[in-house]
>>> print(open('run-v2.cif').read())   # mmCIF, C-alpha atoms and all ligand atoms
data_work
#
loop_
_atom_site.group_PDB
_atom_site.id
_atom_site.type_symbol
_atom_site.label_atom_id
_atom_site.label_comp_id
_atom_site.auth_asym_id
_atom_site.auth_seq_id
_atom_site.Cartn_x
_atom_site.Cartn_y
_atom_site.Cartn_z
ATOM 1 C CA MET A 19 118.731 95.420 132.996
ATOM 2 C CA SER A 20 115.658 94.064 131.229
ATOM 3 C CA SER A 21 117.555 90.944 130.061
ATOM 4 C CA VAL A 22 118.628 90.237 133.698
ATOM 5 C CA LEU A 23 114.992 90.524 134.767
ATOM 6 C CA TYR A 24 113.979 88.224 131.928
ATOM 7 C CA ILE A 25 116.544 85.600 133.060
ATOM 8 C CA PHE A 26 115.165 85.790 136.639
ATOM 9 C CA PHE A 27 111.657 85.432 135.246
ATOM 10 C CA LEU A 28 112.698 82.358 133.244
ATOM 11 C CA ILE A 29 114.450 80.775 136.253
ATOM 12 C CA ASP A 30 111.358 81.390 138.390
ATOM 13 C CA LYS A 31 109.169 79.759 135.718
ATOM 14 C CA LEU A 32 111.516 76.761 135.458
ATOM 15 C CA VAL A 33 111.563 76.315 139.257
ATOM 16 C CA ARG A 34 107.745 76.386 139.317
ATOM 17 C CA VAL A 35 107.482 73.826 136.526
ATOM 18 C CA TRP A 36 110.071 71.635 138.280
ATOM 19 C CA GLN A 37 108.078 71.930 141.514
ATOM 20 C CA THR A 38 104.821 70.828 139.886
ATOM 21 C CA TRP A 39 106.673 67.832 138.454
ATOM 22 C CA HIS A 40 107.821 66.889 141.911
ATOM 23 C CA MET A 41 104.685 67.413 143.941
ATOM 24 C CA LYS A 42 104.136 64.872 146.684
ATOM 25 C CA VAL A 43 100.953 64.091 148.610
ATOM 26 C CA LEU A 44 100.685 61.968 151.732
ATOM 27 C CA ILE A 45 97.248 60.627 152.692
ATOM 28 C CA THR A 46 96.543 58.829 155.962
ATOM 29 C CA GLY A 47 93.604 56.434 156.022
ATOM 30 C CA ALA A 48 93.954 55.890 152.271
ATOM 31 C CA SER A 49 92.914 52.231 152.371
ATOM 32 C CA SER A 50 89.173 52.975 152.313
ATOM 33 C CA GLY A 51 86.389 55.558 152.184
ATOM 34 C CA ILE A 52 87.156 59.258 151.787
ATOM 35 C CA GLY A 53 90.951 58.794 151.834
ATOM 36 C CA ARG A 54 90.804 56.185 149.079
ATOM 37 C CA GLU A 55 88.661 58.431 146.839
ATOM 38 C CA LEU A 56 90.936 61.417 147.476
ATOM 39 C CA ALA A 57 93.942 59.283 146.463
ATOM 40 C CA LYS A 58 92.255 58.222 143.204
ATOM 41 C CA LEU A 59 91.409 61.827 142.331
ATOM 42 C CA LEU A 60 94.725 63.381 143.321
ATOM 43 C CA ALA A 61 96.782 60.812 141.376
ATOM 44 C CA ALA A 62 96.367 62.988 138.291
ATOM 45 C CA GLN A 63 97.732 66.088 140.050
ATOM 46 C CA PHE A 64 100.774 64.730 141.876
ATOM 47 C CA ASP A 65 103.772 62.800 140.720
ATOM 48 C CA GLN A 66 104.446 61.144 144.093
ATOM 49 C CA MET A 67 101.895 59.694 146.507
ATOM 50 C CA VAL A 68 102.353 58.128 149.912
ATOM 51 C CA LEU A 69 99.306 56.120 150.994
ATOM 52 C CA VAL A 70 99.087 55.172 154.661
ATOM 53 C CA GLY A 71 96.781 52.745 156.489
ATOM 54 C CA ARG A 72 97.001 49.485 158.401
ATOM 55 C CA ASP A 73 95.521 47.184 155.772
ATOM 56 C CA GLN A 74 98.407 46.435 153.376
ATOM 57 C CA ALA A 75 96.237 44.339 151.022
ATOM 58 C CA ARG A 76 93.774 47.182 150.483
ATOM 59 C CA LEU A 77 96.621 49.674 150.013
ATOM 60 C CA ASN A 78 98.212 47.362 147.411
ATOM 61 C CA ALA A 79 94.894 47.049 145.553
ATOM 62 C CA LEU A 80 94.560 50.851 145.486
ATOM 63 C CA GLN A 81 98.155 51.272 144.315
ATOM 64 C CA GLN A 82 97.472 48.851 141.452
ATOM 65 C CA LYS A 83 94.266 50.664 140.501
ATOM 66 C CA ILE A 84 96.008 54.050 140.451
ATOM 67 C CA ASN A 85 98.922 52.689 138.416
ATOM 68 C CA GLN A 86 96.506 51.298 135.823
ATOM 69 C CA THR A 87 94.967 54.724 135.193
ATOM 70 C CA ASN A 88 97.939 57.033 135.917
ATOM 71 C CA SER A 89 101.242 55.828 134.569
ATOM 72 C CA THR A 90 103.185 58.919 135.664
ATOM 73 C CA VAL A 91 102.480 58.885 139.397
ATOM 74 C CA ASN A 92 104.844 57.060 141.740
ATOM 75 C CA VAL A 93 102.819 55.434 144.532
ATOM 76 C CA THR A 94 104.358 54.275 147.814
ATOM 77 C CA THR A 95 102.289 52.450 150.421
ATOM 78 C CA VAL A 96 103.011 52.457 154.139
ATOM 79 C CA SER A 97 101.257 49.967 156.383
ATOM 80 C CA MET A 98 101.276 51.566 159.805
ATOM 81 C CA ASP A 99 99.155 51.885 162.937
ATOM 82 C CA LEU A 100 99.031 55.644 163.452
ATOM 83 C CA SER A 101 97.482 55.329 166.904
ATOM 84 C CA VAL A 102 101.071 54.843 168.097
ATOM 85 C CA ALA A 103 102.643 58.331 168.245
ATOM 86 C CA GLU A 104 106.167 57.001 167.537
ATOM 87 C CA HIS A 105 104.896 55.606 164.221
ATOM 88 C CA CYS A 106 103.823 59.113 163.198
ATOM 89 C CA GLN A 107 107.346 60.356 163.901
ATOM 90 C CA GLN A 108 108.762 57.458 161.851
ATOM 91 C CA LEU A 109 106.410 58.317 158.992
ATOM 92 C CA HIS A 110 107.623 61.922 158.980
ATOM 93 C CA ALA A 111 111.261 60.770 159.089
ATOM 94 C CA MET A 112 110.614 58.451 156.102
ATOM 95 C CA HIS A 113 108.828 61.141 154.052
ATOM 96 C CA PRO A 114 109.774 64.553 155.465
ATOM 97 C CA ASP A 115 109.000 66.619 152.343
ATOM 98 C CA VAL A 116 105.407 66.546 151.244
ATOM 99 C CA ASP A 117 103.493 69.324 149.520
ATOM 100 C CA LEU A 118 100.066 68.196 150.653
ATOM 101 C CA LEU A 119 99.427 66.300 153.880
ATOM 102 C CA ILE A 120 95.936 64.854 154.288
ATOM 103 C CA ASN A 121 95.262 63.829 157.881
ATOM 104 C CA ASN A 122 92.266 61.635 157.189
ATOM 105 C CA ALA A 123 92.691 58.452 159.288
ATOM 106 C CA GLY A 124 90.027 58.255 161.952
ATOM 107 C CA PHE A 125 87.046 56.383 163.290
ATOM 108 C CA GLY A 126 84.158 56.702 165.744
ATOM 109 C CA ASP A 127 82.208 54.812 168.354
ATOM 110 C CA SER A 128 78.738 55.175 169.804
ATOM 111 C CA GLY A 129 76.914 54.571 173.066
ATOM 112 C CA LEU A 130 76.593 56.134 176.492
ATOM 113 C CA PHE A 131 79.950 57.555 177.546
ATOM 114 C CA ALA A 132 80.051 55.502 180.761
ATOM 115 C CA GLU A 133 79.407 52.314 178.801
ATOM 116 C CA THR A 134 81.671 52.528 175.722
ATOM 117 C CA ALA A 135 84.917 50.543 175.869
ATOM 118 C CA LEU A 136 87.763 52.583 177.313
ATOM 119 C CA ALA A 137 90.312 50.839 175.064
ATOM 120 C CA LYS A 138 88.365 51.878 171.930
ATOM 121 C CA ASP A 139 88.015 55.457 173.263
ATOM 122 C CA LEU A 140 91.777 55.674 173.792
ATOM 123 C CA ALA A 141 92.572 54.188 170.359
ATOM 124 C CA MET A 142 90.169 56.749 168.861
ATOM 125 C CA ILE A 143 91.793 59.658 170.718
ATOM 126 C CA ASN A 144 95.237 58.377 169.687
ATOM 127 C CA THR A 145 94.207 58.161 166.013
ATOM 128 C CA ASN A 146 91.843 61.132 165.591
ATOM 129 C CA VAL A 147 93.702 63.528 167.905
ATOM 130 C CA VAL A 148 97.251 62.477 168.820
ATOM 131 C CA ALA A 149 98.317 61.181 165.373
ATOM 132 C CA LEU A 150 96.783 64.212 163.642
ATOM 133 C CA HIS A 151 98.448 66.507 166.188
ATOM 134 C CA VAL A 152 101.907 64.925 165.784
ATOM 135 C CA LEU A 153 101.772 64.828 161.977
ATOM 136 C CA THR A 154 100.438 68.398 161.721
ATOM 137 C CA LYS A 155 103.187 69.653 164.029
ATOM 138 C CA LEU A 156 106.060 67.837 162.272
ATOM 139 C CA TYR A 157 104.917 68.590 158.716
ATOM 140 C CA LEU A 158 104.002 72.191 159.493
ATOM 141 C CA ALA A 159 107.567 72.785 160.712
ATOM 142 C CA THR A 160 109.124 71.351 157.528
ATOM 143 C CA MET A 161 106.614 73.217 155.336
ATOM 144 C CA GLN A 162 107.339 76.479 157.137
ATOM 145 C CA LYS A 163 111.056 76.069 156.424
ATOM 146 C CA ARG A 164 110.236 75.908 152.690
ATOM 147 C CA ASN A 165 107.432 78.460 153.102
ATOM 148 C CA CYS A 166 105.079 76.317 151.037
ATOM 149 C CA GLY A 167 102.786 73.353 151.488
ATOM 150 C CA HIS A 168 99.226 72.576 152.511
ATOM 151 C CA ILE A 169 97.724 70.560 155.363
ATOM 152 C CA LEU A 170 94.183 69.229 155.043
ATOM 153 C CA ASN A 171 92.788 67.956 158.333
ATOM 154 C CA VAL A 172 89.691 65.807 158.121
ATOM 155 C CA GLY A 173 87.296 66.948 160.824
ATOM 156 C CA SER A 174 83.538 66.546 160.631
ATOM 157 C CA ILE A 175 80.319 68.507 161.088
ATOM 158 C CA ALA A 176 80.584 66.842 164.541
ATOM 159 C CA GLY A 177 83.504 69.212 165.164
ATOM 160 C CA PHE A 178 81.145 72.158 165.665
ATOM 161 C CA MET A 179 78.921 70.711 168.415
ATOM 162 C CA PRO A 180 78.670 68.501 171.509
ATOM 163 C CA GLY A 181 77.839 64.860 170.733
ATOM 164 C CA PRO A 182 75.864 62.910 173.315
ATOM 165 C CA LEU A 183 75.885 59.160 172.525
ATOM 166 C CA MET A 184 79.075 59.725 170.481
ATOM 167 C CA ALA A 185 80.723 62.035 173.011
ATOM 168 C CA THR A 186 84.332 60.960 172.480
ATOM 169 C CA TYR A 187 84.130 61.062 168.682
ATOM 170 C CA TYR A 188 82.532 64.535 168.631
ATOM 171 C CA ALA A 189 85.124 65.754 171.133
ATOM 172 C CA THR A 190 87.992 64.485 168.932
ATOM 173 C CA LYS A 191 86.548 66.292 165.911
ATOM 174 C CA ASN A 192 86.077 69.508 167.935
ATOM 175 C CA TYR A 193 89.811 69.231 168.659
ATOM 176 C CA VAL A 194 90.596 68.900 164.934
ATOM 177 C CA VAL A 195 88.536 71.980 164.044
ATOM 178 C CA ARG A 196 89.889 74.142 166.889
ATOM 179 C CA LEU A 197 93.513 73.113 166.306
ATOM 180 C CA SER A 198 93.199 73.941 162.600
ATOM 181 C CA GLU A 199 91.530 77.304 163.355
ATOM 182 C CA GLY A 200 94.348 78.235 165.743
ATOM 183 C CA ILE A 201 97.070 77.302 163.255
ATOM 184 C CA ARG A 202 95.291 79.181 160.470
ATOM 185 C CA GLU A 203 95.505 82.427 162.490
ATOM 186 C CA GLU A 204 99.201 81.860 163.292
ATOM 187 C CA LEU A 205 99.937 81.337 159.589
ATOM 188 C CA ARG A 206 97.986 84.492 158.702
ATOM 189 C CA ARG A 207 99.823 86.599 161.285
ATOM 190 C CA THR A 208 103.239 85.379 160.161
ATOM 191 C CA LYS A 209 102.271 85.905 156.496
ATOM 192 C CA SER A 210 103.238 82.308 155.825
ATOM 193 C CA LYS A 211 102.539 80.791 152.433
ATOM 194 C CA VAL A 212 101.755 77.460 154.089
ATOM 195 C CA LYS A 213 98.004 76.726 153.996
ATOM 196 C CA ILE A 214 95.699 74.736 156.221
ATOM 197 C CA SER A 215 92.127 73.560 155.618
ATOM 198 C CA VAL A 216 89.635 71.486 157.529
ATOM 199 C CA LEU A 217 87.181 69.160 155.826
ATOM 200 C CA CYS A 218 83.889 68.864 157.733
ATOM 201 C CA PRO A 219 81.466 66.445 156.070
ATOM 202 C CA GLY A 220 78.161 65.163 157.393
ATOM 203 C CA PRO A 221 77.292 61.456 156.987
ATOM 204 C CA VAL A 222 79.280 59.825 154.175
ATOM 205 C CA ASP A 223 78.769 56.329 152.768
ATOM 206 C CA THR A 224 81.928 54.538 153.999
ATOM 207 C CA ASN A 225 82.948 51.900 156.555
ATOM 208 C CA PHE A 226 82.654 54.614 159.211
ATOM 209 C CA ALA A 227 79.106 53.733 160.344
ATOM 210 C CA LYS A 228 79.977 50.033 160.714
ATOM 211 C CA THR A 229 83.092 50.772 162.773
ATOM 212 C CA ALA A 230 81.197 53.305 164.908
ATOM 213 C CA ASN A 231 78.261 50.907 165.309
ATOM 214 C CA VAL A 232 75.691 53.430 164.089
ATOM 215 C CA GLN A 233 73.104 53.395 161.357
ATOM 216 C CA PHE A 234 72.542 56.662 159.479
ATOM 217 C CA ASN A 235 68.828 57.546 159.210
ATOM 218 C CA PHE A 236 69.318 58.534 155.591
ATOM 219 C CA ARG A 237 71.821 57.483 152.951
ATOM 220 C CA GLY A 238 75.099 59.291 153.392
ATOM 221 C CA VAL A 239 76.598 61.177 150.484
ATOM 222 C CA SER A 240 79.066 59.124 148.405
ATOM 223 C CA CYS A 241 82.753 59.400 149.269
ATOM 224 C CA ALA A 242 83.499 60.085 145.576
ATOM 225 C CA LYS A 243 81.304 63.219 145.787
ATOM 226 C CA VAL A 244 83.000 64.319 149.010
ATOM 227 C CA ALA A 245 86.436 63.820 147.452
ATOM 228 C CA GLN A 246 85.482 65.776 144.313
ATOM 229 C CA TYR A 247 84.041 68.635 146.379
ATOM 230 C CA THR A 248 87.152 68.675 148.572
ATOM 231 C CA VAL A 249 89.618 68.847 145.684
ATOM 232 C CA ARG A 250 87.579 71.644 144.042
ATOM 233 C CA HIS A 251 87.441 73.655 147.296
ATOM 234 C CA LEU A 252 90.962 73.028 148.585
ATOM 235 C CA HIS A 253 91.633 76.800 148.505
ATOM 236 C CA GLN A 254 89.050 77.290 151.294
ATOM 237 C CA PHE A 255 89.665 76.884 155.022
ATOM 238 C CA TYR A 256 86.354 75.248 155.988
ATOM 239 C CA ILE A 257 85.396 72.654 153.400
ATOM 240 C CA VAL A 258 81.815 71.581 154.097
ATOM 241 C CA PRO A 259 80.326 69.391 151.343
ATOM 242 C CA THR A 260 76.567 69.620 150.602
ATOM 243 C CA TRP A 261 74.276 72.581 151.221
ATOM 244 C CA GLN A 262 72.243 70.610 153.775
ATOM 245 C CA ILE A 263 75.253 70.222 156.052
ATOM 246 C CA ARG A 264 76.275 73.879 155.535
ATOM 247 C CA LEU A 265 72.722 74.890 156.526
ATOM 248 C CA ALA A 266 72.754 72.562 159.559
ATOM 249 C CA ARG A 267 76.079 74.043 160.676
ATOM 250 C CA PHE A 268 74.701 77.584 160.318
ATOM 251 C CA ALA A 269 71.483 76.766 162.200
ATOM 252 C CA MET A 270 73.301 74.954 165.032
ATOM 253 C CA GLY A 271 75.616 77.969 165.381
ATOM 254 C CA LEU A 272 72.599 80.149 166.242
ATOM 255 C CA LEU A 273 71.441 77.925 169.114
ATOM 256 C CA PRO A 274 72.760 77.625 172.672
ATOM 257 C CA SER A 275 75.022 74.612 173.152
ATOM 258 C CA THR A 276 72.566 72.953 175.597
ATOM 259 C CA TRP A 277 69.842 72.980 172.898
ATOM 260 C CA VAL A 278 72.272 71.629 170.305
ATOM 261 C CA ALA A 279 73.210 68.775 172.685
ATOM 262 C CA ARG A 280 69.493 67.897 173.061
ATOM 263 C CA ILE A 281 68.972 67.861 169.279
ATOM 264 C CA VAL A 282 72.121 65.763 168.700
ATOM 265 C CA TYR A 283 71.019 63.313 171.420
ATOM 266 C CA ARG A 284 67.713 62.742 169.588
ATOM 267 C CA ILE A 285 69.469 62.261 166.252
ATOM 268 C CA GLN A 286 72.072 59.889 167.702
ATOM 269 C CA ALA A 287 69.471 57.908 169.682
ATOM 270 C CA LYS A 288 67.752 57.026 166.371
ATOM 271 C CA ARG A 289 71.092 55.916 164.909
ATOM 272 C CA GLN A 290 72.052 53.473 167.649
ATOM 273 C CA HIS A 291 72.071 49.814 166.675
ATOM 274 C CA CYS A 292 71.179 48.647 170.160
HETATM 275 N N1 LIG B 1 81.915 58.617 156.953
HETATM 276 C C1 LIG B 1 81.408 59.635 157.599
HETATM 277 O O1 LIG B 1 80.192 59.748 157.794
HETATM 278 C C2 LIG B 1 82.332 60.737 158.077
HETATM 279 C C3 LIG B 1 81.779 61.991 158.371
HETATM 280 C C4 LIG B 1 82.606 63.004 158.807
HETATM 281 C C5 LIG B 1 83.958 62.775 158.954
HETATM 282 N N2 LIG B 1 84.479 61.554 158.668
HETATM 283 C C6 LIG B 1 85.916 61.334 158.874
HETATM 284 O O2 LIG B 1 86.515 60.937 157.653
HETATM 285 C C7 LIG B 1 87.713 60.227 157.925
HETATM 286 C C8 LIG B 1 87.758 58.993 157.051
HETATM 287 O O3 LIG B 1 86.743 58.099 157.449
HETATM 288 P P1 LIG B 1 85.839 57.292 156.404
HETATM 289 O O4 LIG B 1 84.470 57.777 156.549
HETATM 290 O O5 LIG B 1 86.454 57.294 155.066
HETATM 291 O O6 LIG B 1 85.865 55.839 157.093
HETATM 292 P P2 LIG B 1 86.593 54.490 156.686
HETATM 293 O O7 LIG B 1 86.137 54.029 155.365
HETATM 294 O O8 LIG B 1 86.394 53.597 157.865
HETATM 295 O O9 LIG B 1 88.142 54.883 156.581
HETATM 296 C C9 LIG B 1 88.936 55.127 157.726
HETATM 297 C C10 LIG B 1 90.392 55.091 157.298
HETATM 298 O O10 LIG B 1 91.194 55.375 158.470
HETATM 299 C C11 LIG B 1 92.215 54.400 158.572
HETATM 300 N N3 LIG B 1 92.586 54.184 159.960
HETATM 301 C C12 LIG B 1 91.765 54.009 161.033
HETATM 302 N N4 LIG B 1 92.500 53.792 162.147
HETATM 303 C C13 LIG B 1 93.804 53.830 161.754
HETATM 304 C C14 LIG B 1 95.037 53.681 162.440
HETATM 305 N N5 LIG B 1 95.096 53.421 163.759
HETATM 306 N N6 LIG B 1 96.186 53.778 161.752
HETATM 307 C C15 LIG B 1 96.154 54.021 160.404
HETATM 308 N N7 LIG B 1 95.032 54.187 159.704
HETATM 309 C C16 LIG B 1 93.864 54.090 160.370
HETATM 310 C C17 LIG B 1 91.598 53.132 157.951
HETATM 311 O O11 LIG B 1 92.624 52.316 157.436
HETATM 312 P P3 LIG B 1 92.974 50.818 157.982
HETATM 313 O O12 LIG B 1 91.704 50.176 158.396
HETATM 314 O O13 LIG B 1 93.670 50.192 156.813
HETATM 315 O O14 LIG B 1 93.904 51.088 159.094
HETATM 316 C C18 LIG B 1 90.801 53.719 156.797
HETATM 317 O O15 LIG B 1 91.607 53.862 155.658
HETATM 318 C C19 LIG B 1 87.707 59.944 159.427
HETATM 319 O O16 LIG B 1 88.586 60.852 160.065
HETATM 320 C C20 LIG B 1 86.274 60.220 159.831
HETATM 321 O O17 LIG B 1 86.165 60.620 161.170
HETATM 322 C C21 LIG B 1 83.688 60.525 158.226
#
>>> encode(input="run-v2.cif", output="structure tokens")
Amino acid sequence: MSSVLYIFFLIDKLVRVWQTWHMKVLITGASSGIGRELAKLLAAQFDQMVLVGRDQARLNALQQKINQTNSTVNVTTVSMDLSVAEHCQQLHAMHPDVDLLINNAGFGDSGLFAETALAKDLAMINTNVVALHVLTKLYLATMQKRNCGHILNVGSIAGFMPGPLMATYYATKNYVVRLSEGIREELRRTKSKVKISVLCPGPVDTNFAKTANVQFNFRGVSCAKVAQYTVRHLHQFYIVPTWQIRLARFAMGLLPSTWVARIVYRIQAKRQHC
């Protein structure tokens, strides 16, 4: 009897070792900023990486950099506009089995809601919300079949509050946080081994501010620091780098939403370029 148990134990060990040798991570928005830093860090922990973005040249440069420092990891790049929902379905069909999905692609815009460009708003909703929604849904289903896997959705501290002067962006990040919270409870109730987390940083030094046409009042934290914090805290649901942002989130949670909107308006008004 004990030798049968020992054989099962050995098989289980071998399967686990085999699994760690075949771990695959897919990162959207890997061509710059937070996604790029996460890719560089995670290269040491995974043996397959799929890096997604629109800028093929920047993805190639990252692939080369990773290959120079990590000879064992197999890096695939996918140049794709994720604001088109069908592309997200194609991406899942191309790489259906991933152990860690990082839904990071996203951008913002600023200005009075009535004055921002509708086309940019819609592209933002399609990238920050629809693409993240489609990929989370498709990958969650395949992960649930295997009863393992992890989804990391990149939200923002903006996901916990209203955002005058960046209303659409804040609304998209509220969606990311709420969707992730809902899925977390479903996974808990069904005792699933699949995990979900939501990364909620404050200002980070990336191309984000330029794309969103804002100027942070203080230097954002470096994306390398955010990536390191994220990888260290991947076991948590809410991943909120820096104590200042954790404190701000706590304080905002104590105030009525109308007061929070007034405070955010003042902060955003100082950040506007125009
Ligand atoms: N920086 C901050 O202060 C901050 C704070 C909180 C949360 N975040 C969130 O962090 C995430 C990463 O942003 P970041 O700060 O690292 O900015 P970033 O340097 O501008 O990176 C954005 C990434 O998203 C990709 N992307 C944008 N639209 C895309 C599309 N339609 N299809 C495919 N990829 C697309 C970009 O790749 P291509 O240009 O190659 O397509 C790029 O790799 C975003 O979700 C952002 O909302 C940022």
>>> closest_atom_pairs(input="run-v2.cif", of="range 47-90 of chain A", to="range 224-239 of chain A", cutoff="8 Å", atoms="all atoms listed in the file", output="tab-separated table")
residue	atom	partner	partner_atom	distance
A:Ser50	CA	A:Thr224	CA	7.6
A:Gly51	CA	A:Thr224	CA	4.9
A:Ile52	CA	A:Thr224	CA	7.4
>>> residues_near_ligand(input="run-v2.cif", ligand="ligand LIG 1 (chain B)", cutoff="6 Å", atoms="all atoms listed in the file", output="PyMOL selection string")
chain A and resi 47-53+71-73+98-101+122-125+145+172-174+219-226
>>> residues_around(input="run-v2.cif", residues="Glu199 in chain A", least_positions_apart="5", cutoff="12 Å", atoms="all atoms listed in the file", output="PDB file with C-alpha atoms, in the frame of the given file")
ATOM      1  CA  LEU A 170      94.183  69.229 155.043  1.00  0.00           C
ATOM      2  CA  ASN A 171      92.788  67.956 158.333  1.00  0.00           C
ATOM      3  CA  GLY A 173      87.296  66.948 160.824  1.00  0.00           C
ATOM      4  CA  GLY A 177      83.504  69.212 165.164  1.00  0.00           C
ATOM      5  CA  PHE A 178      81.145  72.158 165.665  1.00  0.00           C
ATOM      6  CA  ASN A 192      86.077  69.508 167.935  1.00  0.00           C
ATOM      7  CA  TYR A 193      89.811  69.231 168.659  1.00  0.00           C
ATOM      8  CA  VAL A 194      90.596  68.900 164.934  1.00  0.00           C
ATOM      9  CA  GLU A 204      99.201  81.860 163.292  1.00  0.00           C
ATOM     10  CA  LEU A 205      99.937  81.337 159.589  1.00  0.00           C
ATOM     11  CA  ARG A 206      97.986  84.492 158.702  1.00  0.00           C
ATOM     12  CA  LYS A 213      98.004  76.726 153.996  1.00  0.00           C
ATOM     13  CA  ILE A 214      95.699  74.736 156.221  1.00  0.00           C
ATOM     14  CA  SER A 215      92.127  73.560 155.618  1.00  0.00           C
ATOM     15  CA  VAL A 216      89.635  71.486 157.529  1.00  0.00           C
ATOM     16  CA  LEU A 217      87.181  69.160 155.826  1.00  0.00           C
ATOM     17  CA  PHE A 255      89.665  76.884 155.022  1.00  0.00           C
ATOM     18  CA  TYR A 256      86.354  75.248 155.988  1.00  0.00           C
TER      19      TYR A 256
END
>>> closest_residue(input="run-v2.cif", among="A:Trp277, A:Thr186, A:Cys106, A:Gln81", to="Leu136 in chain A", atoms="all atoms listed in the file")
A:Thr186
>>> resolve_selection(input="run-v2.cif", expression="the PyMOL selection byres (((chain A and resi 67) around 9) and not hetatm)", output="PDB file with C-alpha atoms, in the coordinates of the input")
ATOM      1  CA  MET A  41     104.685  67.413 143.941  1.00  0.00           C
ATOM      2  CA  LYS A  42     104.136  64.872 146.684  1.00  0.00           C
ATOM      3  CA  VAL A  43     100.953  64.091 148.610  1.00  0.00           C
ATOM      4  CA  LEU A  44     100.685  61.968 151.732  1.00  0.00           C
ATOM      5  CA  ILE A  45      97.248  60.627 152.692  1.00  0.00           C
ATOM      6  CA  ALA A  57      93.942  59.283 146.463  1.00  0.00           C
ATOM      7  CA  LEU A  60      94.725  63.381 143.321  1.00  0.00           C
ATOM      8  CA  ALA A  61      96.782  60.812 141.376  1.00  0.00           C
ATOM      9  CA  PHE A  64     100.774  64.730 141.876  1.00  0.00           C
ATOM     10  CA  ASP A  65     103.772  62.800 140.720  1.00  0.00           C
ATOM     11  CA  GLN A  66     104.446  61.144 144.093  1.00  0.00           C
ATOM     12  CA  VAL A  68     102.353  58.128 149.912  1.00  0.00           C
ATOM     13  CA  LEU A  69      99.306  56.120 150.994  1.00  0.00           C
ATOM     14  CA  VAL A  91     102.480  58.885 139.397  1.00  0.00           C
ATOM     15  CA  ASN A  92     104.844  57.060 141.740  1.00  0.00           C
ATOM     16  CA  VAL A  93     102.819  55.434 144.532  1.00  0.00           C
ATOM     17  CA  THR A  94     104.358  54.275 147.814  1.00  0.00           C
ATOM     18  CA  THR A  95     102.289  52.450 150.421  1.00  0.00           C
TER      19      THR A  95
END
>>> build_atoms(input="run-v2.cif", residues="range 155-169 of chain A", atoms="N, CA and C atoms", output="PDB file, in the frame of the given file")
ATOM      1  N   LYS A 155     102.062  68.907 163.440  1.00  0.00           N
ATOM      2  CA  LYS A 155     103.187  69.653 164.029  1.00  0.00           C
ATOM      3  C   LYS A 155     104.476  69.426 163.232  1.00  0.00           C
ATOM      4  N   LEU A 156     104.798  68.147 162.950  1.00  0.00           N
ATOM      5  CA  LEU A 156     106.060  67.837 162.272  1.00  0.00           C
ATOM      6  C   LEU A 156     106.061  68.371 160.831  1.00  0.00           C
ATOM      7  N   TYR A 157     104.945  68.152 160.120  1.00  0.00           N
ATOM      8  CA  TYR A 157     104.917  68.590 158.716  1.00  0.00           C
ATOM      9  C   TYR A 157     104.801  70.104 158.604  1.00  0.00           C
ATOM     10  N   LEU A 158     104.105  70.729 159.538  1.00  0.00           N
ATOM     11  CA  LEU A 158     104.002  72.191 159.493  1.00  0.00           C
ATOM     12  C   LEU A 158     105.400  72.802 159.615  1.00  0.00           C
ATOM     13  N   ALA A 159     106.208  72.247 160.510  1.00  0.00           N
ATOM     14  CA  ALA A 159     107.567  72.785 160.712  1.00  0.00           C
ATOM     15  C   ALA A 159     108.387  72.653 159.426  1.00  0.00           C
ATOM     16  N   THR A 160     108.324  71.502 158.759  1.00  0.00           N
ATOM     17  CA  THR A 160     109.124  71.351 157.528  1.00  0.00           C
ATOM     18  C   THR A 160     108.536  72.211 156.398  1.00  0.00           C
ATOM     19  N   MET A 161     107.232  72.363 156.367  1.00  0.00           N
ATOM     20  CA  MET A 161     106.614  73.217 155.336  1.00  0.00           C
ATOM     21  C   MET A 161     106.984  74.677 155.566  1.00  0.00           C
ATOM     22  N   GLN A 162     107.018  75.081 156.837  1.00  0.00           N
ATOM     23  CA  GLN A 162     107.339  76.479 157.137  1.00  0.00           C
ATOM     24  C   GLN A 162     108.775  76.810 156.727  1.00  0.00           C
ATOM     25  N   LYS A 163     109.666  75.843 156.854  1.00  0.00           N
ATOM     26  CA  LYS A 163     111.056  76.069 156.424  1.00  0.00           C
ATOM     27  C   LYS A 163     111.109  76.364 154.926  1.00  0.00           C
ATOM     28  N   ARG A 164     110.250  75.703 154.149  1.00  0.00           N
ATOM     29  CA  ARG A 164     110.236  75.908 152.690  1.00  0.00           C
ATOM     30  C   ARG A 164     109.256  77.019 152.305  1.00  0.00           C
ATOM     31  N   ASN A 165     108.492  77.469 153.299  1.00  0.00           N
ATOM     32  CA  ASN A 165     107.432  78.460 153.102  1.00  0.00           C
ATOM     33  C   ASN A 165     106.455  78.056 152.000  1.00  0.00           C
ATOM     34  N   CYS A 166     106.137  76.786 151.940  1.00  0.00           N
ATOM     35  CA  CYS A 166     105.079  76.317 151.037  1.00  0.00           C
ATOM     36  C   CYS A 166     104.568  74.968 151.531  1.00  0.00           C
ATOM     37  N   GLY A 167     103.395  74.618 151.081  1.00  0.00           N
ATOM     38  CA  GLY A 167     102.786  73.353 151.488  1.00  0.00           C
ATOM     39  C   GLY A 167     101.371  73.583 151.986  1.00  0.00           C
ATOM     40  N   HIS A 168     100.654  72.494 152.139  1.00  0.00           N
ATOM     41  CA  HIS A 168      99.226  72.576 152.511  1.00  0.00           C
ATOM     42  C   HIS A 168      98.878  71.379 153.408  1.00  0.00           C
ATOM     43  N   ILE A 169      98.196  71.645 154.487  1.00  0.00           N
ATOM     44  CA  ILE A 169      97.724  70.560 155.363  1.00  0.00           C
ATOM     45  C   ILE A 169      96.192  70.547 155.320  1.00  0.00           C
TER      46      ILE A 169
END
